[in-house]
Protein chains: 4
Amino acid sequence: MKVKVGINGFGTIGKRAATAIEQQDDMMVVGVTKTRPTFEAYTANDLGYPLYVPDEEAKAEFKKAGIKVAGLIRDMYKKVDIIVDCTPGDVAEGYKKEYADAGVKGIFQGGEDHSLTGISFNASANYKESWGAQFSRVVSCNTTGLIRTLYPLDKRYGIQNVFATLIRRSADPGNSKSGPINAIEPSLKIPTHHGPDVQSIMPWLNIQTMAVKVPTTIMHLHTIMVKLNAEASTEDVIALWRDTKRVKLVKGKSGIKSSAQIMELARDLGRSRGDMFEIVVWEDGVKVVGDTLYYYQAVHQESDVIPEIIDCIRSMCKTEENASASMSRTDKAMGI
Amino acid sequence: MKVKVGINGFGTIGKRAATAIEQQDDMMVVGVTKTRPTFEAYTANDLGYPLYVPDEEAKAEFKKAGIKVAGLIRDMYKKVDIIVDCTPGDVAEGYKKEYADAGVKGIFQGGEDHSLTGISFNASANYKESWGAQFSRVVSCNTTGLIRTLYPLDKRYGIQNVFATLIRRSADPGNSKSGPINAIEPSLKIPTHHGPDVQSIMPWLNIQTMAVKVPTTIMHLHTIMVKLNAEASTEDVIALWRDTKRVKLVKGKSGIKSSAQIMELARDLGRSRGDMFEIVVWEDGVKVVGDTLYYYQAVHQESDVIPEIIDCIRSMCKTEENASASMSRTDKAMGI
Amino acid sequence: MKVKVGINGFGTIGKRAATAIEQQDDMMVVGVTKTRPTFEAYTANDLGYPLYVPDEEAKAEFKKAGIKVAGLIRDMYKKVDIIVDCTPGDVAEGYKKEYADAGVKGIFQGGEDHSLTGISFNASANYKESWGAQFSRVVSCNTTGLIRTLYPLDKRYGIQNVFATLIRRSADPGNSKSGPINAIEPSLKIPTHHGPDVQSIMPWLNIQTMAVKVPTTIMHLHTIMVKLNAEASTEDVIALWRDTKRVKLVKGKSGIKSSAQIMELARDLGRSRGDMFEIVVWEDGVKVVGDTLYYYQAVHQESDVIPEIIDCIRSMCKTEENASASMSRTDKAMGI
Amino acid sequence: MKVKVGINGFGTIGKRAATAIEQQDDMMVVGVTKTRPTFEAYTANDLGYPLYVPDEEAKAEFKKAGIKVAGLIRDMYKKVDIIVDCTPGDVAEGYKKEYADAGVKGIFQGGEDHSLTGISFNASANYKESWGAQFSRVVSCNTTGLIRTLYPLDKRYGIQNVFATLIRRSADPGNSKSGPINAIEPSLKIPTHHGPDVQSIMPWLNIQTMAVKVPTTIMHLHTIMVKLNAEASTEDVIALWRDTKRVKLVKGKSGIKSSAQIMELARDLGRSRGDMFEIVVWEDGVKVVGDTLYYYQAVHQESDVIPEIIDCIRSMCKTEENASASMSRTDKAMGI
């Protein structure tokens, strides 16, 4: 029997989670929610997802806009085993209580604090920690990106310390409100929260981060310096990542000079929504100098966490014991 | 028997034409060409298209880069009925001669002048003019966009004159070289060439255009003023376009405030590469005042001509006599 | 004796008005106001302007931040003949009452409606309408831009009708919050309010406008089509504008291809803050075809209204009867 | 008697050097050069700089465009003591020979390699190394930026090592050709050349750098991690920089959130061309954690080297022995 999943919040992450869940053979979407009758609500209708709304007033408003509504959000709780919570910040605490009262499981996103759930999730690093849990949290896009490349490095060589700069996109492609149009903005509270967030999965890791926002919509990019405990060559490190799931190597020499060409590649590969689920490392931008490794990686903020959400469902619902097996199933179904 | 198509130039337009051709049941891609071993050449391999290159030197270079090559471009000519020429500007004249010598048909793109072929193509407006022709030209993205909405207006009401401003994206999403980053650049030679280009299809139309380039990559946007010969209401015009193929109405009220949300919608609809093949008109941005109609439309420069290319193949290869029937087949296969 | 001016709101327009007033020999800044202790408040201190704040609480806050405060805003009213109101939208109504109660004159900005004052101002077109008035309104940057080039055309040739598209910068250079980063956004309510706003100065003019926002910070750009009543050549029109105050001709041939090079030129000319007070018309982008004139103009949204504010002060305070004499004094003092 | 300076190349750096030289009381501009008759050539005329061109053909072309020409570049050599070479990359080698033949001194810019001159210049760090030299090189904007904050740190505490990420603006404000519009592009050859370039001035420093280009025109921004040899507090470091010439502290708390507000501040301060000659450090973005200092700094790429060029002239022409005295004279005259 398939795991029945509800998506609370059919936005950037929610709609991608829905697509990925439907691609799996052991889970299904039984409902999605939306608070306002925007074009994404019409899309939910078009794609055939039962659509739930907060209250009767919203129901009337949606109907007036010609959007079919399946019921209220609280009705959806009765039909699901687990909720993927993709609501905006600041409301998760309240929803967690609702899920608890309804007796359903809940996966939160990286915008929430680790303390909300006490458990954070990354498929490679700690699949088993969410085993059977009622609540877990899939860490943010940037944190997922850092763990994807750092965890295998740490396992193989041991890491003495990490210093990373996160050059962040300022708004998602579908957001035309936020800027800046022509500026760079530093995150002044340093070290930034990204280091501690990585430590919610790898508590032993010595990592410091700084971050800036720049006027782009398509990807984050990280510059990373890692001091390794054991000797490694540039080639060794590249070979390690070549064998790492959800890490993709590209080359500047092949014309992939920037995040623009990575997104172009993703579109050409026929991924749903042109997404790049893998963390992308420039092979010709990796270098070991002495005991220190330097590299660049790009993170598709809209989609890199999606396969993790799928694996987290399996761990929490205890439908697949083995992390690697779950990851393989997820990736195969998603075309990764 | 399927029409055998070769794609000369596997770039922005070429790769989309390939995808769309493969989606049809009466034509197939028998080869694509590439002059340099970039990531798009690997993609051609991954997608299973036989890849042809200019000469033996290139062949060696591609092989060294690990890319499979099926032969030289001139070898491809022997296998095809028709070439879709997606080569960059300034080389079409030479290629046309090659196609003529090889006895194959050729479709050129809107970057070339009308005089190259003497026939220009738009499916709604002049499908039959390319019937059986050896060479034709699918007009540019902007020209296609103007014709899609103006042709039905002219047919229904008659047009006295048109004045349009084209606000053009400065570079495609996969191009990270071109700017500007923070400026608006006018096309100083006015009226711009877009008016005469529309006249290559609708020679009787009185149309003047001006154009500027702005720092965006995703879509062009047109502001259009049309003086009509017959009385029309705002509602009439909207109803006309609702029934027009390859024109899509959206609403600001539904959250589609800008080109950003249009591209988001296209990705959600599951289109290949997140493309929007239709010309998008804002329903709540259409207004008739006296005898004058004002409207905004958005043009996805990477993809709006793709369905036209498919129809043009059918007209030139005489596999479907009826324009409307061809358009319906094309659109259904492409998920439009 | 110099006219004593208070600036209510020391932001983008307010600080420029202050600079321009200080450059004149018949008026002076006796105070500026600020509601929050930002870096612009420090600048007001550095530049020696007495700084007034809303209330005692603010006073304490400013002092804590090390900023000298001269008193409360209501204290400033007692020291001035006229206030240049540069407060943000939505508060003008209340301030107008305060100015009236204090018995001081007030100049509002184009963000406010014409109905607030019943009089709107442009130096060339209607200098005398504000003569001795207690309240007037200097029209917005875009409206000022349209009037600067249209008024002399209308006077010389007569205008049958105008259709303009305004391609607007989305945020000022010092604003890093607003987007879009990568989109074009149309103003869906058409015709837009810019036409009626021009009519607040030239009520007889037949003008329609459409507008879009684009991701740039430095200038607006207009594409304009004007149907003239009398015959004109391209050269005539250029000659007319060459003799028009506050209109500047530039050439693409000289390397001024876009708004970027206009701003570069302004910086090179040694203008305060690198401002371009003139409306800039591309000489090689002007063309008369039949009875219709087409042209492009660029508008520096931060500064083009500043000389108008100076002239408006003179008209309202009755210190200079002649519009042209006032404009000459203003321009000479500002280095235009 | 004033030092007679020629500016070879009246572009971004050249025109600023000219302005700064004219502001000093011990040097003067006796000529500037330009190869094409762009608007900047008209500006040179307007500002009264004698303008020299490459050859008779150019002379004719400039005259035709209405630009006054004082003579050929080789004529200028006879009138100067020293040339500030602001020519584009790849031609410096040839010009150096010309300067040598003409017996004049020459200052090159950071776009050239250290090996061209064998001496590189920063006023604080090695003023005396260029003393009386015929040729020297003022290091690039980014290198100058790094040295301005690192040199005093090294002098006070000793530096064990530095790791910096340079987030670079992709084009200058007056350049509307270069992109990217919407992408981040890493410098794949790592560590990048910026570390070795700092070592041309501070050869003992252990420094590694990575770099990315982002879609902004106004400033570079650096994230810097420094391991110090001696104990330091956050407050100590801030106090040190407060006393450091050409370093300016700003606060996010005062509304300076990004590079946008820094440029706004520079315009408000009345600097020529709205330039920010200082390296700007966010006071509330400085933090010492254990033995490691983290900070953000912003670099105005168009202007930070200008005061260094002035000091370099004094050192090479032996008109001021003391570095600190020269810096004070320069800064006072430039309004820093």
# chains A, B, ... in the order shown; residues from 1 in each chain; ligands from 1

$ residues_around --residues "region 90-99 of chain C" --least-positions-apart "4" --cutoff "9 Å" --atoms "only C-alpha atoms" --output "ChimeraX atom specification"
/C:74,77,82-83,85-86,103-106,108,112,116,135

$ interface_residues --of "chain B" --to "chain A" --cutoff "10 Å" --atoms "only C-alpha atoms" --output "VMD selection string"
chain B and resid 12 15 to 16 19 36 to 44 46 to 47 65 172 to 177 181 to 182 215 218 250 to 275

$ residues_around --residues "Gly195 (chain C)" --least-positions-apart "2" --cutoff "7 Å" --atoms "only C-alpha atoms" --output "ChimeraX atom specification"
/C:192-193,197-199,207-209

$ select_by_dssp --residues "region 95-162 of chain D" --states "helix (DSSP H, G or I)" --output "PyMOL selection string"
chain D and resi 95-102+114-117+123-130+141-157

$ write_last_selection --atoms "N, CA and C atoms" --output "mmCIF file, in the first residue's frame"
data_model
loop_
_atom_site.group_PDB
_atom_site.id
_atom_site.type_symbol
_atom_site.label_atom_id
_atom_site.label_comp_id
_atom_site.auth_asym_id
_atom_site.auth_seq_id
_atom_site.Cartn_x
_atom_site.Cartn_y
_atom_site.Cartn_z
ATOM 1 N N TYR D 95 54.125 50.441 -25.063
ATOM 2 C CA TYR D 95 54.165 51.811 -24.553
ATOM 3 C C TYR D 95 55.354 52.019 -23.615
ATOM 4 N N LYS D 96 55.660 51.011 -22.816
ATOM 5 C CA LYS D 96 56.780 51.162 -21.893
ATOM 6 C C LYS D 96 58.055 51.492 -22.673
ATOM 7 N N LYS D 97 58.212 50.829 -23.804
ATOM 8 C CA LYS D 97 59.375 51.097 -24.652
ATOM 9 C C LYS D 97 59.335 52.547 -25.155
ATOM 10 N N GLU D 98 58.177 52.976 -25.577
ATOM 11 C CA GLU D 98 58.055 54.368 -26.046
ATOM 12 C C GLU D 98 58.421 55.362 -24.951
ATOM 13 N N TYR D 99 57.929 55.100 -23.720
ATOM 14 C CA TYR D 99 58.228 56.013 -22.607
ATOM 15 C C TYR D 99 59.735 56.020 -22.342
ATOM 16 N N ALA D 100 60.309 54.817 -22.378
ATOM 17 C CA ALA D 100 61.749 54.697 -22.129
ATOM 18 C C ALA D 100 62.516 55.488 -23.189
ATOM 19 N N ASP D 101 62.141 55.319 -24.433
ATOM 20 C CA ASP D 101 62.810 56.036 -25.527
ATOM 21 C C ASP D 101 62.678 57.545 -25.362
ATOM 22 N N ALA D 102 61.495 57.969 -24.890
ATOM 23 C CA ALA D 102 61.253 59.408 -24.735
ATOM 24 C C ALA D 102 61.867 59.946 -23.444
ATOM 25 N N HIS D 114 53.217 42.286 -12.545
ATOM 26 C CA HIS D 114 54.310 42.852 -11.755
ATOM 27 C C HIS D 114 55.620 42.837 -12.539
ATOM 28 N N SER D 115 55.795 41.791 -13.353
ATOM 29 C CA SER D 115 57.065 41.634 -14.062
ATOM 30 C C SER D 115 57.316 42.766 -15.060
ATOM 31 N N LEU D 116 56.274 43.468 -15.480
ATOM 32 C CA LEU D 116 56.457 44.563 -16.447
ATOM 33 C C LEU D 116 57.390 45.630 -15.871
ATOM 34 N N THR D 117 57.207 45.919 -14.587
ATOM 35 C CA THR D 117 57.973 46.999 -13.972
ATOM 36 C C THR D 117 58.941 46.496 -12.911
ATOM 37 N N ALA D 123 50.668 52.844 -1.185
ATOM 38 C CA ALA D 123 51.206 53.982 -0.422
ATOM 39 C C ALA D 123 51.572 53.610 1.011
ATOM 40 N N SER D 124 50.675 52.897 1.702
ATOM 41 C CA SER D 124 50.963 52.549 3.099
ATOM 42 C C SER D 124 52.084 51.533 3.213
ATOM 43 N N ALA D 125 52.065 50.555 2.317
ATOM 44 C CA ALA D 125 52.899 49.380 2.519
ATOM 45 C C ALA D 125 54.315 49.540 1.984
ATOM 46 N N ASN D 126 54.513 50.205 0.853
ATOM 47 C CA ASN D 126 55.872 50.233 0.288
ATOM 48 C C ASN D 126 56.146 51.495 -0.543
ATOM 49 N N TYR D 127 55.753 52.621 -0.017
ATOM 50 C CA TYR D 127 55.933 53.914 -0.703
ATOM 51 C C TYR D 127 57.367 54.086 -1.210
ATOM 52 N N LYS D 128 58.306 53.723 -0.400
ATOM 53 C CA LYS D 128 59.706 53.992 -0.705
ATOM 54 C C LYS D 128 60.274 53.110 -1.822
ATOM 55 N N GLU D 129 59.645 51.985 -2.101
ATOM 56 C CA GLU D 129 60.191 51.089 -3.138
ATOM 57 C C GLU D 129 60.159 51.717 -4.527
ATOM 58 N N SER D 130 59.248 52.670 -4.739
ATOM 59 C CA SER D 130 59.157 53.317 -6.053
ATOM 60 C C SER D 130 59.941 54.624 -6.105
ATOM 61 N N CYS D 141 42.533 47.270 -8.259
ATOM 62 C CA CYS D 141 41.545 47.705 -7.274
ATOM 63 C C CYS D 141 41.367 46.677 -6.164
ATOM 64 N N ASN D 142 41.237 45.402 -6.537
ATOM 65 C CA ASN D 142 41.028 44.365 -5.533
ATOM 66 C C ASN D 142 42.272 44.173 -4.671
ATOM 67 N N THR D 143 43.435 44.184 -5.282
ATOM 68 C CA THR D 143 44.677 44.010 -4.533
ATOM 69 C C THR D 143 44.888 45.188 -3.593
ATOM 70 N N THR D 144 44.649 46.396 -4.081
ATOM 71 C CA THR D 144 44.726 47.582 -3.224
ATOM 72 C C THR D 144 43.781 47.426 -2.037
ATOM 73 N N GLY D 145 42.586 46.922 -2.317
ATOM 74 C CA GLY D 145 41.599 46.727 -1.261
ATOM 75 C C GLY D 145 42.087 45.763 -0.197
ATOM 76 N N LEU D 146 42.649 44.659 -0.637
ATOM 77 C CA LEU D 146 43.130 43.664 0.323
ATOM 78 C C LEU D 146 44.278 44.227 1.168
ATOM 79 N N ILE D 147 45.206 44.931 0.525
ATOM 80 C CA ILE D 147 46.363 45.458 1.250
ATOM 81 C C ILE D 147 45.943 46.541 2.252
ATOM 82 N N ARG D 148 44.977 47.351 1.889
ATOM 83 C CA ARG D 148 44.568 48.432 2.792
ATOM 84 C C ARG D 148 44.147 47.939 4.174
ATOM 85 N N THR D 149 43.468 46.796 4.216
ATOM 86 C CA THR D 149 43.033 46.294 5.526
ATOM 87 C C THR D 149 43.998 45.260 6.106
ATOM 88 N N LEU D 150 44.688 44.513 5.239
ATOM 89 C CA LEU D 150 45.570 43.451 5.748
ATOM 90 C C LEU D 150 46.906 43.997 6.253
ATOM 91 N N TYR D 151 47.448 45.010 5.593
ATOM 92 C CA TYR D 151 48.765 45.505 5.993
ATOM 93 C C TYR D 151 48.779 45.987 7.445
ATOM 94 N N PRO D 152 47.821 46.823 7.847
ATOM 95 C CA PRO D 152 47.832 47.240 9.264
ATOM 96 C C PRO D 152 47.600 46.076 10.230
ATOM 97 N N LEU D 153 46.768 45.115 9.821
ATOM 98 C CA LEU D 153 46.564 43.933 10.671
ATOM 99 C C LEU D 153 47.872 43.175 10.862
ATOM 100 N N ASP D 154 48.607 42.992 9.786
ATOM 101 C CA ASP D 154 49.850 42.237 9.834
ATOM 102 C C ASP D 154 50.881 42.957 10.697
ATOM 103 N N LYS D 155 50.913 44.277 10.573
ATOM 104 C CA LYS D 155 51.872 45.086 11.322
ATOM 105 C C LYS D 155 51.572 44.999 12.822
ATOM 106 N N ARG D 156 50.302 45.049 13.175
ATOM 107 C CA ARG D 156 49.917 45.042 14.583
ATOM 108 C C ARG D 156 49.950 43.656 15.210
ATOM 109 N N TYR D 157 49.344 42.673 14.510
ATOM 110 C CA TYR D 157 49.160 41.353 15.138
ATOM 111 C C TYR D 157 50.008 40.245 14.519
#

$ atom_distance --atom1 "CA of Met210 (chain C)" --atom2 "CA of Gln301 (chain B)"
22.0 Å

$ residues_around --residues "Glu308 (chain C)" --least-positions-apart "4" --cutoff "10 Å" --atoms "only C-alpha atoms" --output "ChimeraX atom specification"
/C:17,121-124,127,138-139,144,246,277,303-304,312-314,326-327,330-331

$ select_by_dssp --residues "region 58-285 of chain A" --states "strand (DSSP E or B)" --output "JSON, numbers by chain"
{"A": [71, 72, 82, 83, 84, 85, 105, 106, 107, 108, 120, 121, 135, 136, 137, 138, 159, 160, 161, 162, 163, 164, 165, 166, 167, 168, 169, 178, 185, 186, 207, 208, 209, 210, 211, 212, 213, 214, 220, 221, 222, 223, 224, 225, 226, 227, 228, 247, 248, 249, 250, 279, 280, 281, 282]}

$ closest_residue --among "C:Ala58, C:Ile184, C:Leu166, C:Val53" --to "Val299 (chain B)" --atoms "only C-alpha atoms"
C:Ile184

$ decode --residues "region 87-114 of chain C" --atoms "N, CA, C and O atoms" --output "PDB file, in the first residue's frame"
ATOM      1  N   THR C  87       8.078  64.037   1.548  1.00  0.00           N
ATOM      2  CA  THR C  87       7.687  62.904   2.370  1.00  0.00           C
ATOM      3  C   THR C  87       7.189  61.782   1.466  1.00  0.00           C
ATOM      4  O   THR C  87       6.816  62.021   0.324  1.00  0.00           O
ATOM      5  N   PRO C  88       7.194  60.551   1.970  1.00  0.00           N
ATOM      6  CA  PRO C  88       6.707  59.444   1.149  1.00  0.00           C
ATOM      7  C   PRO C  88       5.197  59.573   0.911  1.00  0.00           C
ATOM      8  O   PRO C  88       4.540  60.416   1.527  1.00  0.00           O
ATOM      9  N   GLY C  89       4.645  58.756   0.023  1.00  0.00           N
ATOM     10  CA  GLY C  89       3.218  58.803  -0.310  1.00  0.00           C
ATOM     11  C   GLY C  89       2.335  58.633   0.926  1.00  0.00           C
ATOM     12  O   GLY C  89       2.783  58.181   1.982  1.00  0.00           O
ATOM     13  N   ASP C  90       1.082  59.042   0.815  1.00  0.00           N
ATOM     14  CA  ASP C  90       0.046  58.749   1.817  1.00  0.00           C
ATOM     15  C   ASP C  90       0.047  59.638   3.055  1.00  0.00           C
ATOM     16  O   ASP C  90      -0.831  59.526   3.907  1.00  0.00           O
ATOM     17  N   VAL C  91       1.021  60.522   3.185  1.00  0.00           N
ATOM     18  CA  VAL C  91       1.021  61.376   4.368  1.00  0.00           C
ATOM     19  C   VAL C  91       0.879  62.848   3.996  1.00  0.00           C
ATOM     20  O   VAL C  91       0.780  63.705   4.877  1.00  0.00           O
ATOM     21  N   ALA C  92       0.842  63.151   2.706  1.00  0.00           N
ATOM     22  CA  ALA C  92       0.839  64.542   2.251  1.00  0.00           C
ATOM     23  C   ALA C  92      -0.392  65.301   2.747  1.00  0.00           C
ATOM     24  O   ALA C  92      -0.297  66.462   3.155  1.00  0.00           O
ATOM     25  N   GLU C  93      -1.537  64.653   2.704  1.00  0.00           N
ATOM     26  CA  GLU C  93      -2.792  65.302   3.126  1.00  0.00           C
ATOM     27  C   GLU C  93      -2.631  65.886   4.538  1.00  0.00           C
ATOM     28  O   GLU C  93      -2.937  67.044   4.786  1.00  0.00           O
ATOM     29  N   GLY C  94      -2.119  65.067   5.436  1.00  0.00           N
ATOM     30  CA  GLY C  94      -1.927  65.513   6.816  1.00  0.00           C
ATOM     31  C   GLY C  94      -0.926  66.658   6.912  1.00  0.00           C
ATOM     32  O   GLY C  94      -1.148  67.651   7.628  1.00  0.00           O
ATOM     33  N   TYR C  95       0.175  66.519   6.195  1.00  0.00           N
ATOM     34  CA  TYR C  95       1.183  67.581   6.239  1.00  0.00           C
ATOM     35  C   TYR C  95       0.649  68.892   5.660  1.00  0.00           C
ATOM     36  O   TYR C  95       0.954  69.965   6.155  1.00  0.00           O
ATOM     37  N   LYS C  96      -0.174  68.794   4.603  1.00  0.00           N
ATOM     38  CA  LYS C  96      -0.710  70.005   3.997  1.00  0.00           C
ATOM     39  C   LYS C  96      -1.491  70.805   5.049  1.00  0.00           C
ATOM     40  O   LYS C  96      -1.362  72.018   5.149  1.00  0.00           O
ATOM     41  N   LYS C  97      -2.243  70.080   5.845  1.00  0.00           N
ATOM     42  CA  LYS C  97      -2.996  70.743   6.909  1.00  0.00           C
ATOM     43  C   LYS C  97      -2.044  71.421   7.906  1.00  0.00           C
ATOM     44  O   LYS C  97      -2.257  72.562   8.312  1.00  0.00           O
ATOM     45  N   GLU C  98      -0.968  70.719   8.266  1.00  0.00           N
ATOM     46  CA  GLU C  98       0.015  71.309   9.188  1.00  0.00           C
ATOM     47  C   GLU C  98       0.615  72.585   8.610  1.00  0.00           C
ATOM     48  O   GLU C  98       0.777  73.577   9.321  1.00  0.00           O
ATOM     49  N   TYR C  99       0.975  72.545   7.310  1.00  0.00           N
ATOM     50  CA  TYR C  99       1.562  73.731   6.689  1.00  0.00           C
ATOM     51  C   TYR C  99       0.547  74.874   6.696  1.00  0.00           C
ATOM     52  O   TYR C  99       0.895  76.025   6.978  1.00  0.00           O
ATOM     53  N   ALA C 100      -0.707  74.529   6.366  1.00  0.00           N
ATOM     54  CA  ALA C 100      -1.756  75.555   6.336  1.00  0.00           C
ATOM     55  C   ALA C 100      -1.912  76.180   7.725  1.00  0.00           C
ATOM     56  O   ALA C 100      -1.957  77.411   7.878  1.00  0.00           O
ATOM     57  N   ASP C 101      -1.949  75.329   8.741  1.00  0.00           N
ATOM     58  CA  ASP C 101      -2.096  75.818  10.107  1.00  0.00           C
ATOM     59  C   ASP C 101      -0.928  76.716  10.498  1.00  0.00           C
ATOM     60  O   ASP C 101      -1.095  77.700  11.218  1.00  0.00           O
ATOM     61  N   ALA C 102       0.266  76.347  10.019  1.00  0.00           N
ATOM     62  CA  ALA C 102       1.457  77.128  10.369  1.00  0.00           C
ATOM     63  C   ALA C 102       1.602  78.349   9.486  1.00  0.00           C
ATOM     64  O   ALA C 102       2.498  79.184   9.705  1.00  0.00           O
ATOM     65  N   GLY C 103       0.760  78.457   8.471  1.00  0.00           N
ATOM     66  CA  GLY C 103       0.814  79.625   7.598  1.00  0.00           C
ATOM     67  C   GLY C 103       2.015  79.657   6.674  1.00  0.00           C
ATOM     68  O   GLY C 103       2.483  80.725   6.286  1.00  0.00           O
ATOM     69  N   VAL C 104       2.526  78.483   6.314  1.00  0.00           N
ATOM     70  CA  VAL C 104       3.656  78.450   5.374  1.00  0.00           C
ATOM     71  C   VAL C 104       3.209  77.850   4.047  1.00  0.00           C
ATOM     72  O   VAL C 104       2.213  77.128   3.980  1.00  0.00           O
ATOM     73  N   LYS C 105       3.935  78.174   3.008  1.00  0.00           N
ATOM     74  CA  LYS C 105       3.643  77.611   1.695  1.00  0.00           C
ATOM     75  C   LYS C 105       4.187  76.178   1.610  1.00  0.00           C
ATOM     76  O   LYS C 105       5.046  75.785   2.415  1.00  0.00           O
ATOM     77  N   GLY C 106       3.692  75.427   0.635  1.00  0.00           N
ATOM     78  CA  GLY C 106       4.168  74.051   0.493  1.00  0.00           C
ATOM     79  C   GLY C 106       4.209  73.600  -0.959  1.00  0.00           C
ATOM     80  O   GLY C 106       3.258  73.812  -1.700  1.00  0.00           O
ATOM     81  N   ILE C 107       5.324  72.979  -1.349  1.00  0.00           N
ATOM     82  CA  ILE C 107       5.444  72.381  -2.687  1.00  0.00           C
ATOM     83  C   ILE C 107       5.420  70.870  -2.533  1.00  0.00           C
ATOM     84  O   ILE C 107       6.245  70.314  -1.796  1.00  0.00           O
ATOM     85  N   PHE C 108       4.493  70.211  -3.211  1.00  0.00           N
ATOM     86  CA  PHE C 108       4.425  68.758  -3.145  1.00  0.00           C
ATOM     87  C   PHE C 108       5.041  68.141  -4.397  1.00  0.00           C
ATOM     88  O   PHE C 108       5.298  68.843  -5.384  1.00  0.00           O
ATOM     89  N   GLN C 109       5.236  66.823  -4.349  1.00  0.00           N
ATOM     90  CA  GLN C 109       5.885  66.134  -5.465  1.00  0.00           C
ATOM     91  C   GLN C 109       4.865  65.352  -6.286  1.00  0.00           C
ATOM     92  O   GLN C 109       3.722  65.156  -5.864  1.00  0.00           O
ATOM     93  N   GLY C 110       5.325  64.863  -7.419  1.00  0.00           N
ATOM     94  CA  GLY C 110       4.468  64.194  -8.391  1.00  0.00           C
ATOM     95  C   GLY C 110       3.879  62.880  -7.929  1.00  0.00           C
ATOM     96  O   GLY C 110       2.983  62.332  -8.583  1.00  0.00           O
ATOM     97  N   GLY C 111       4.372  62.353  -6.805  1.00  0.00           N
ATOM     98  CA  GLY C 111       3.749  61.148  -6.261  1.00  0.00           C
ATOM     99  C   GLY C 111       2.344  61.431  -5.741  1.00  0.00           C
ATOM    100  O   GLY C 111       1.526  60.527  -5.587  1.00  0.00           O
ATOM    101  N   GLU C 112       2.072  62.722  -5.450  1.00  0.00           N
ATOM    102  CA  GLU C 112       0.736  63.114  -4.984  1.00  0.00           C
ATOM    103  C   GLU C 112      -0.166  63.425  -6.175  1.00  0.00           C
ATOM    104  O   GLU C 112       0.304  63.747  -7.257  1.00  0.00           O
ATOM    105  N   ASP C 113      -1.469  63.346  -5.940  1.00  0.00           N
ATOM    106  CA  ASP C 113      -2.430  63.674  -7.000  1.00  0.00           C
ATOM    107  C   ASP C 113      -2.535  65.182  -7.206  1.00  0.00           C
ATOM    108  O   ASP C 113      -2.358  65.964  -6.273  1.00  0.00           O
ATOM    109  N   HIS C 114      -2.894  65.539  -8.427  1.00  0.00           N
ATOM    110  CA  HIS C 114      -3.131  66.944  -8.764  1.00  0.00           C
ATOM    111  C   HIS C 114      -4.201  67.545  -7.845  1.00  0.00           C
ATOM    112  O   HIS C 114      -4.113  68.721  -7.450  1.00  0.00           O
TER     113      HIS C 114
END
